[in-house]
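Shown next, in structure tokens, is the structure this report addresses.
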Amino acid sequence: MHRNFFLFTVGSLTIVALLYGLWPPVIWALLVLIPLILLGLYDMSQPHHSLRRNYPLFGRGRWFMEWLRPFIRQYLIESDTDGAPINRMFRNIVYQRAKGALESVPFGTQIDTYRDGYEWIGHSISAIDVTEVEHDLRVSVGGPDCRQPYLASIFNISAMSFGALSRNAILALNSGAKAGGFYHNTGEGGVSSHHLESGGDLVWQIGTGYFGCRDHAGRFCPDTFRDKALLPNIRMIEIKLSQGAKPGHGGILPADKNTPEIAAIRDVPVATQVNSPPAHAAFSTPLQLLDFVKQLRELSDGKPVGFKLSIGRKSEFIAICKAMVASGITPDFITVDGGEGGTGAAPLEYTNSVGMPLREALAFVDDCLTGFGLRQQIRIIASGKVFTAFHLVKNLALGADICNSARGMMLALGCVQSLTCNSNHCPSGVATQDPRLYRGLVVTDKARRVAQFHAKTVHATAEIIASAGLCHTSELTRTHIYRRVNQETVRRYDQVFPYLKRDCLLSGSPPEAWRLYLDEADPGSFMPKMCLTHIDRECCEVDGAGQASLPGTKQVGEDKHQTMEDVS
């Protein structure tokens, strides 16, 4: 402990003194030794770190190794199928396609095709040539009340705000979108001059902070919204209810990213952490949400309006569907964000443990809209860890019409997954507001890479569906994808996620698995009715005091063992 430090101090100074008589230039070693000795003396006296206090100077080796560990792991130890949140195999294919480099794979797959969870698409003996697939895979977005429908690519840039990303990153993304003919979601941070400069198509996201369309009190302002919504670049409007990285939390802009320019765009104090509210102030019920959708559609002269959410309680989304049926108002699209999403700052617990994963969420939303007879009017957009054509194909087969990618596009910009998005020290200049760092991101070069990544991924998607004998992604169904559920069972997606019959949730006898959620859902409230479970086909409801009466039994909570027996 301290003894070793004193031995080091005395020994090193003695060696310098002895060598000085033989070789005087050794005195320059004191320029290194004295600062180290002073650092060790400081470590002995500081009260914050017991390791450094007990092992002065030498204890700092732990922090050095912690700093070095991610780099050693990523560049020297990880295999191509390792690495989180994005493994090396997927990072490589994005880089290769973005740069136009060789993207074929030698010597077969590195994936264990016999592991639980392995998935594949069933090709067809009657496969067609890729030239027979529709040249430009696009989907029309716009329901019966939309006067300016938008023809969207099946693959686009997901929501990332100016603030989370640098000005050069935004410029490159939008320039790439312009060159490739796909849209760029602004994120909730508002529409900046960098979004508009290149002229690429935009989806303007309206978050709970109403940045870019708010009054001085932070409330939604129809006049400022209309001024921007009529801009020709803005092709669709997206209301953000929640996002996959931190659903139910609200966005976070760290203080060191809140520059004067960003503060002016968002109309917030400069150099302060900006936390978006967890919920909207412009509406508080499903019916009011749809009124807001209608209001934005009118203010934008009939452009497509939808909303984005990460699925939490199923009954809450069902309540929105009930409100659509009751009001006759439907959004033009719904963006489903998986709980695995995320590009910037988020609390660990939200990143890991809040929000339904994309696969289950997509199937649920598609089934729910089908069950209420709404699916034909509404497009579904999937967002969450989309890097390859097979990711697109899986999402489209499950029920999506369009896919968005955030981290895939960041990788195309040159992101190296340094995991410093929340620190303002992004080494590649993508997720930082430090001009010394983002100057390294050359807009023209990275815009070309974004466009190439998009084009090659869409082409790979066309090749996959051609192998299945399909001419358009709209022909994909759950019957095309297989999953190894366990070592004894392989199932198709339509067996894992069974289809729901059209209008079956409007009937008096819905599927039993949906009955509880339907009973909980109230179009007049996002909060579900407090239904605990179904017992003998009757619903057990919680009263205002939090107690639940079971027919012919004690109240829940009087006897835990007895209640569990009754329920089972």
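Every chain in the structure tokens has a letter given in the order shown (A, B, ...), and although residue numbers restart at 1 in each chain, ligands are simply numbered from 1 in the order shown.
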### Message
Which residues are near A:Lys385? Cut-off 12 Å, only C-alpha atoms, ignore same chain within fewer than 5 positions. Put them as an NGL selection string.
### Response
:A and (84-87 or 90-91 or 158 or 244-245 or 337-343 or 357-359 or 390-392 or 394-395 or 403-411)
Writing out the chosen residues with N, CA and C atoms as a JSON list (two decimals), in the first residue's frame:
```
[["chain", "number", "residue", "atom", "x", "y", "z"],
["A", 84, "ALA", "N", -22.20, -5.45, -28.67],
["A", 84, "ALA", "CA", -23.51, -4.90, -28.36],
["A", 84, "ALA", "C", -23.39, -3.38, -28.25],
["A", 85, "PRO", "N", -24.45, -2.66, -28.62],
["A", 85, "PRO", "CA", -25.76, -3.17, -29.06],
["A", 85, "PRO", "C", -25.81, -3.67, -30.51],
["A", 86, "ILE", "N", -24.76, -3.40, -31.30],
["A", 86, "ILE", "CA", -24.76, -3.84, -32.70],
["A", 86, "ILE", "C", -23.50, -4.68, -32.92],
["A", 87, "ASN", "N", -23.66, -5.90, -33.38],
["A", 87, "ASN", "CA", -22.47, -6.74, -33.53],
["A", 87, "ASN", "C", -21.65, -6.35, -34.77],
["A", 90, "PHE", "N", -23.05, -6.85, -38.47],
["A", 90, "PHE", "CA", -23.99, -5.86, -38.98],
["A", 90, "PHE", "C", -23.30, -4.51, -39.21],
["A", 91, "ARG", "N", -22.36, -4.15, -38.33],
["A", 91, "ARG", "CA", -21.64, -2.91, -38.54],
["A", 91, "ARG", "C", -20.85, -2.98, -39.86],
["A", 158, "SER", "N", -34.70, 7.28, -39.51],
["A", 158, "SER", "CA", -35.54, 7.40, -38.32],
["A", 158, "SER", "C", -35.26, 8.70, -37.59],
["A", 244, "GLY", "N", -38.71, 4.22, -28.27],
["A", 244, "GLY", "CA", -38.23, 2.94, -27.76],
["A", 244, "GLY", "C", -37.12, 3.04, -26.74],
["A", 245, "ALA", "N", -36.25, 4.06, -26.86],
["A", 245, "ALA", "CA", -35.11, 4.15, -25.94],
["A", 245, "ALA", "C", -35.55, 4.45, -24.51],
["A", 337, "ASP", "N", -42.18, 1.92, -32.48],
["A", 337, "ASP", "CA", -40.78, 1.93, -32.07],
["A", 337, "ASP", "C", -40.56, 0.80, -31.08],
["A", 338, "GLY", "N", -39.59, -0.07, -31.38],
["A", 338, "GLY", "CA", -39.31, -1.19, -30.48],
["A", 338, "GLY", "C", -38.60, -0.75, -29.23],
["A", 339, "GLY", "N", -38.80, -1.48, -28.14],
["A", 339, "GLY", "CA", -38.14, -1.16, -26.89],
["A", 339, "GLY", "C", -36.63, -1.28, -26.96],
["A", 340, "GLU", "N", -36.10, -1.91, -28.03],
["A", 340, "GLU", "CA", -34.66, -2.04, -28.20],
["A", 340, "GLU", "C", -34.06, -0.84, -28.91],
["A", 341, "GLY", "N", -34.89, 0.17, -29.24],
["A", 341, "GLY", "CA", -34.41, 1.34, -29.97],
["A", 341, "GLY", "C", -33.54, 2.24, -29.11],
["A", 342, "GLY", "N", -32.95, 3.25, -29.75],
["A", 342, "GLY", "CA", -32.18, 4.24, -28.99],
["A", 342, "GLY", "C", -30.90, 4.65, -29.66],
["A", 343, "THR", "N", -30.65, 5.97, -29.70],
["A", 343, "THR", "CA", -29.42, 6.48, -30.29],
["A", 343, "THR", "C", -28.68, 7.43, -29.36],
["A", 357, "PRO", "N", -40.58, -5.10, -27.16],
["A", 357, "PRO", "CA", -39.68, -5.26, -28.31],
["A", 357, "PRO", "C", -40.44, -5.16, -29.63],
["A", 358, "LEU", "N", -39.74, -4.76, -30.68],
["A", 358, "LEU", "CA", -40.39, -4.42, -31.95],
["A", 358, "LEU", "C", -41.19, -5.56, -32.54],
["A", 359, "ARG", "N", -40.66, -6.76, -32.50],
["A", 359, "ARG", "CA", -41.32, -7.88, -33.18],
["A", 359, "ARG", "C", -42.73, -8.11, -32.61],
["A", 390, "PHE", "N", -32.69, -8.34, -44.56],
["A", 390, "PHE", "CA", -33.50, -9.34, -43.86],
["A", 390, "PHE", "C", -34.23, -8.71, -42.67],
["A", 391, "HIS", "N", -33.64, -7.72, -42.02],
["A", 391, "HIS", "CA", -34.35, -7.00, -40.97],
["A", 391, "HIS", "C", -35.60, -6.33, -41.55],
["A", 392, "LEU", "N", -35.45, -5.71, -42.72],
["A", 392, "LEU", "CA", -36.61, -5.12, -43.37],
["A", 392, "LEU", "C", -37.66, -6.17, -43.68],
["A", 394, "LYS", "N", -38.25, -9.12, -42.37],
["A", 394, "LYS", "CA", -38.94, -9.63, -41.18],
["A", 394, "LYS", "C", -40.00, -8.66, -40.69],
["A", 395, "ASN", "N", -39.65, -7.39, -40.61],
["A", 395, "ASN", "CA", -40.61, -6.39, -40.13],
["A", 395, "ASN", "C", -41.79, -6.24, -41.08],
["A", 403, "CYS", "N", -40.02, 0.75, -43.16],
["A", 403, "CYS", "CA", -39.07, 0.66, -42.04],
["A", 403, "CYS", "C", -38.23, 1.92, -41.95],
["A", 404, "ASN", "N", -37.90, 2.31, -40.73],
["A", 404, "ASN", "CA", -36.98, 3.40, -40.45],
["A", 404, "ASN", "C", -35.75, 2.85, -39.75],
["A", 405, "SER", "N", -34.62, 3.50, -39.96],
["A", 405, "SER", "CA", -33.39, 3.11, -39.28],
["A", 405, "SER", "C", -32.70, 4.37, -38.75],
["A", 406, "ALA", "N", -32.28, 4.32, -37.48],
["A", 406, "ALA", "CA", -31.52, 5.42, -36.89],
["A", 406, "ALA", "C", -30.06, 5.03, -36.79],
["A", 407, "ARG", "N", -29.76, 3.98, -36.02],
["A", 407, "ARG", "CA", -28.37, 3.59, -35.82],
["A", 407, "ARG", "C", -27.71, 3.09, -37.10],
["A", 408, "GLY", "N", -28.49, 2.46, -37.99],
["A", 408, "GLY", "CA", -27.93, 2.06, -39.28],
["A", 408, "GLY", "C", -27.44, 3.26, -40.07],
["A", 409, "MET", "N", -28.24, 4.34, -40.07],
["A", 409, "MET", "CA", -27.85, 5.55, -40.77],
["A", 409, "MET", "C", -26.67, 6.23, -40.08],
["A", 410, "MET", "N", -26.60, 6.14, -38.76],
["A", 410, "MET", "CA", -25.45, 6.70, -38.05],
["A", 410, "MET", "C", -24.17, 5.96, -38.44],
["A", 411, "LEU", "N", -24.25, 4.64, -38.56],
["A", 411, "LEU", "CA", -23.09, 3.87, -38.99],
["A", 411, "LEU", "C", -22.68, 4.27, -40.41]]
```
### Message
Give me the residues near A:Pro427 as a PyMOL selection string, where near means some atom within 12 Å (using only C-alpha atoms) and where sequence neighbours in that chain fewer than 4 positions away do not count.
### Response
chain A and resi 166+414-421+423+431-441
Within 7 Å of stretch 135-144 of chain A, which residues of stretch 311-383 of chain A show up? Give each one with its shortest atom-to-atom distance in Å (one decimal) and the two atoms involved, counting only C-alpha atoms, rows by chain then rising residue number, as a tab-separated table.
```
residue	atom	partner	partner_atom	distance
A:Asp332	CA	A:Gly143	CA	5.0
A:Phe333	CA	A:Val141	CA	7.0
A:Gln377	CA	A:Gly143	CA	5.1
A:Ile378	CA	A:Gly143	CA	6.4
A:Arg379	CA	A:Val141	CA	6.4
```
Export of prior selection with all heavy atoms as a PDB file, in the first residue's frame:
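The resulting again-v1.pdb:
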```pdb
ATOM      1  N   ASP A 332     -52.912   8.787 -40.590  1.00  0.00           N
ATOM      2  CA  ASP A 332     -52.493   8.241 -41.873  1.00  0.00           C
ATOM      3  C   ASP A 332     -51.436   7.157 -41.702  1.00  0.00           C
ATOM      4  O   ASP A 332     -51.280   6.301 -42.578  1.00  0.00           O
ATOM      5  CB  ASP A 332     -51.955   9.363 -42.761  1.00  0.00           C
ATOM      6  CG  ASP A 332     -53.021  10.412 -43.053  1.00  0.00           C
ATOM      7  OD1 ASP A 332     -53.997  10.080 -43.751  1.00  0.00           O
ATOM      8  OD2 ASP A 332     -52.900  11.544 -42.551  1.00  0.00           O
ATOM      9  N   PHE A 333     -50.697   7.213 -40.603  1.00  0.00           N
ATOM     10  CA  PHE A 333     -49.678   6.195 -40.332  1.00  0.00           C
ATOM     11  C   PHE A 333     -49.446   6.105 -38.827  1.00  0.00           C
ATOM     12  O   PHE A 333     -49.751   7.038 -38.072  1.00  0.00           O
ATOM     13  CB  PHE A 333     -48.362   6.517 -41.061  1.00  0.00           C
ATOM     14  CG  PHE A 333     -47.680   7.782 -40.597  1.00  0.00           C
ATOM     15  CD1 PHE A 333     -46.731   7.761 -39.586  1.00  0.00           C
ATOM     16  CD2 PHE A 333     -47.998   9.001 -41.183  1.00  0.00           C
ATOM     17  CE1 PHE A 333     -46.114   8.932 -39.158  1.00  0.00           C
ATOM     18  CE2 PHE A 333     -47.379  10.177 -40.763  1.00  0.00           C
ATOM     19  CZ  PHE A 333     -46.439  10.137 -39.750  1.00  0.00           C
ATOM     20  N   GLN A 377     -56.700   1.615 -43.888  1.00  0.00           N
ATOM     21  CA  GLN A 377     -56.595   3.076 -43.922  1.00  0.00           C
ATOM     22  C   GLN A 377     -55.278   3.599 -43.370  1.00  0.00           C
ATOM     23  O   GLN A 377     -54.953   4.771 -43.567  1.00  0.00           O
ATOM     24  CB  GLN A 377     -57.744   3.692 -43.098  1.00  0.00           C
ATOM     25  CG  GLN A 377     -59.124   3.227 -43.500  1.00  0.00           C
ATOM     26  CD  GLN A 377     -60.174   3.710 -42.519  1.00  0.00           C
ATOM     27  OE1 GLN A 377     -60.126   4.857 -42.067  1.00  0.00           O
ATOM     28  NE2 GLN A 377     -61.128   2.857 -42.181  1.00  0.00           N
ATOM     29  N   ILE A 378     -54.544   2.745 -42.654  1.00  0.00           N
ATOM     30  CA  ILE A 378     -53.388   3.217 -41.877  1.00  0.00           C
ATOM     31  C   ILE A 378     -52.145   2.435 -42.278  1.00  0.00           C
ATOM     32  O   ILE A 378     -52.149   1.201 -42.310  1.00  0.00           O
ATOM     33  CB  ILE A 378     -53.650   3.047 -40.366  1.00  0.00           C
ATOM     34  CG1 ILE A 378     -54.905   3.828 -39.949  1.00  0.00           C
ATOM     35  CG2 ILE A 378     -52.449   3.491 -39.544  1.00  0.00           C
ATOM     36  CD1 ILE A 378     -55.371   3.530 -38.536  1.00  0.00           C
ATOM     37  N   ARG A 379     -51.058   3.161 -42.553  1.00  0.00           N
ATOM     38  CA  ARG A 379     -49.771   2.528 -42.805  1.00  0.00           C
ATOM     39  C   ARG A 379     -49.026   2.340 -41.488  1.00  0.00           C
ATOM     40  O   ARG A 379     -49.108   3.185 -40.591  1.00  0.00           O
ATOM     41  CB  ARG A 379     -48.917   3.384 -43.750  1.00  0.00           C
ATOM     42  CG  ARG A 379     -49.509   3.566 -45.142  1.00  0.00           C
ATOM     43  CD  ARG A 379     -49.707   2.241 -45.836  1.00  0.00           C
ATOM     44  NE  ARG A 379     -50.119   2.412 -47.225  1.00  0.00           N
ATOM     45  CZ  ARG A 379     -50.571   1.443 -47.990  1.00  0.00           C
ATOM     46  NH1 ARG A 379     -50.677   0.213 -47.494  1.00  0.00           N
ATOM     47  NH2 ARG A 379     -50.912   1.672 -49.245  1.00  0.00           N
TER      48      ARG A 379
END
```
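Closest approach to A:Leu230 among A:Lys529, A:Arg297, A:Arg73, A:Lys99: A:Arg297, based on only C-alpha atoms.
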### Query
Do you have the atom CA of A:Tyr114-atom CA of A:Gln487 distance handy?
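Going from atom CA of A:Tyr114 over to atom CA of A:Gln487, I get 7.4 Å.
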Within 10 Å of A:Gly328, counting only C-alpha atoms, which residues qualify if same-chain residues fewer than 5 places away don't, as a CSV table (one decimal) with N, CA, C and O atoms, in the first residue's frame?
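That gives us around20.csv:
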```csv
chain,number,residue,atom,x,y,z
A,290,LEU,N,-56.9,12.1,-31.3
A,290,LEU,CA,-57.4,12.0,-32.7
A,290,LEU,C,-57.9,13.4,-33.1
A,290,LEU,O,-57.7,13.8,-34.3
A,322,LYS,N,-60.3,2.1,-30.3
A,322,LYS,CA,-61.7,2.3,-30.0
A,322,LYS,C,-62.1,3.8,-30.3
A,322,LYS,O,-63.2,4.1,-30.8
A,323,ALA,N,-61.2,4.7,-30.0
A,323,ALA,CA,-61.5,6.1,-30.2
A,323,ALA,C,-61.5,6.4,-31.7
A,323,ALA,O,-62.3,7.2,-32.2
```
### For A:Lys446: contacts at 8 Å, only C-alpha atoms, fewer than 5 positions along chain excluded, given as a PyMOL selection string
chain A and resi 172-173+176+412-414+441
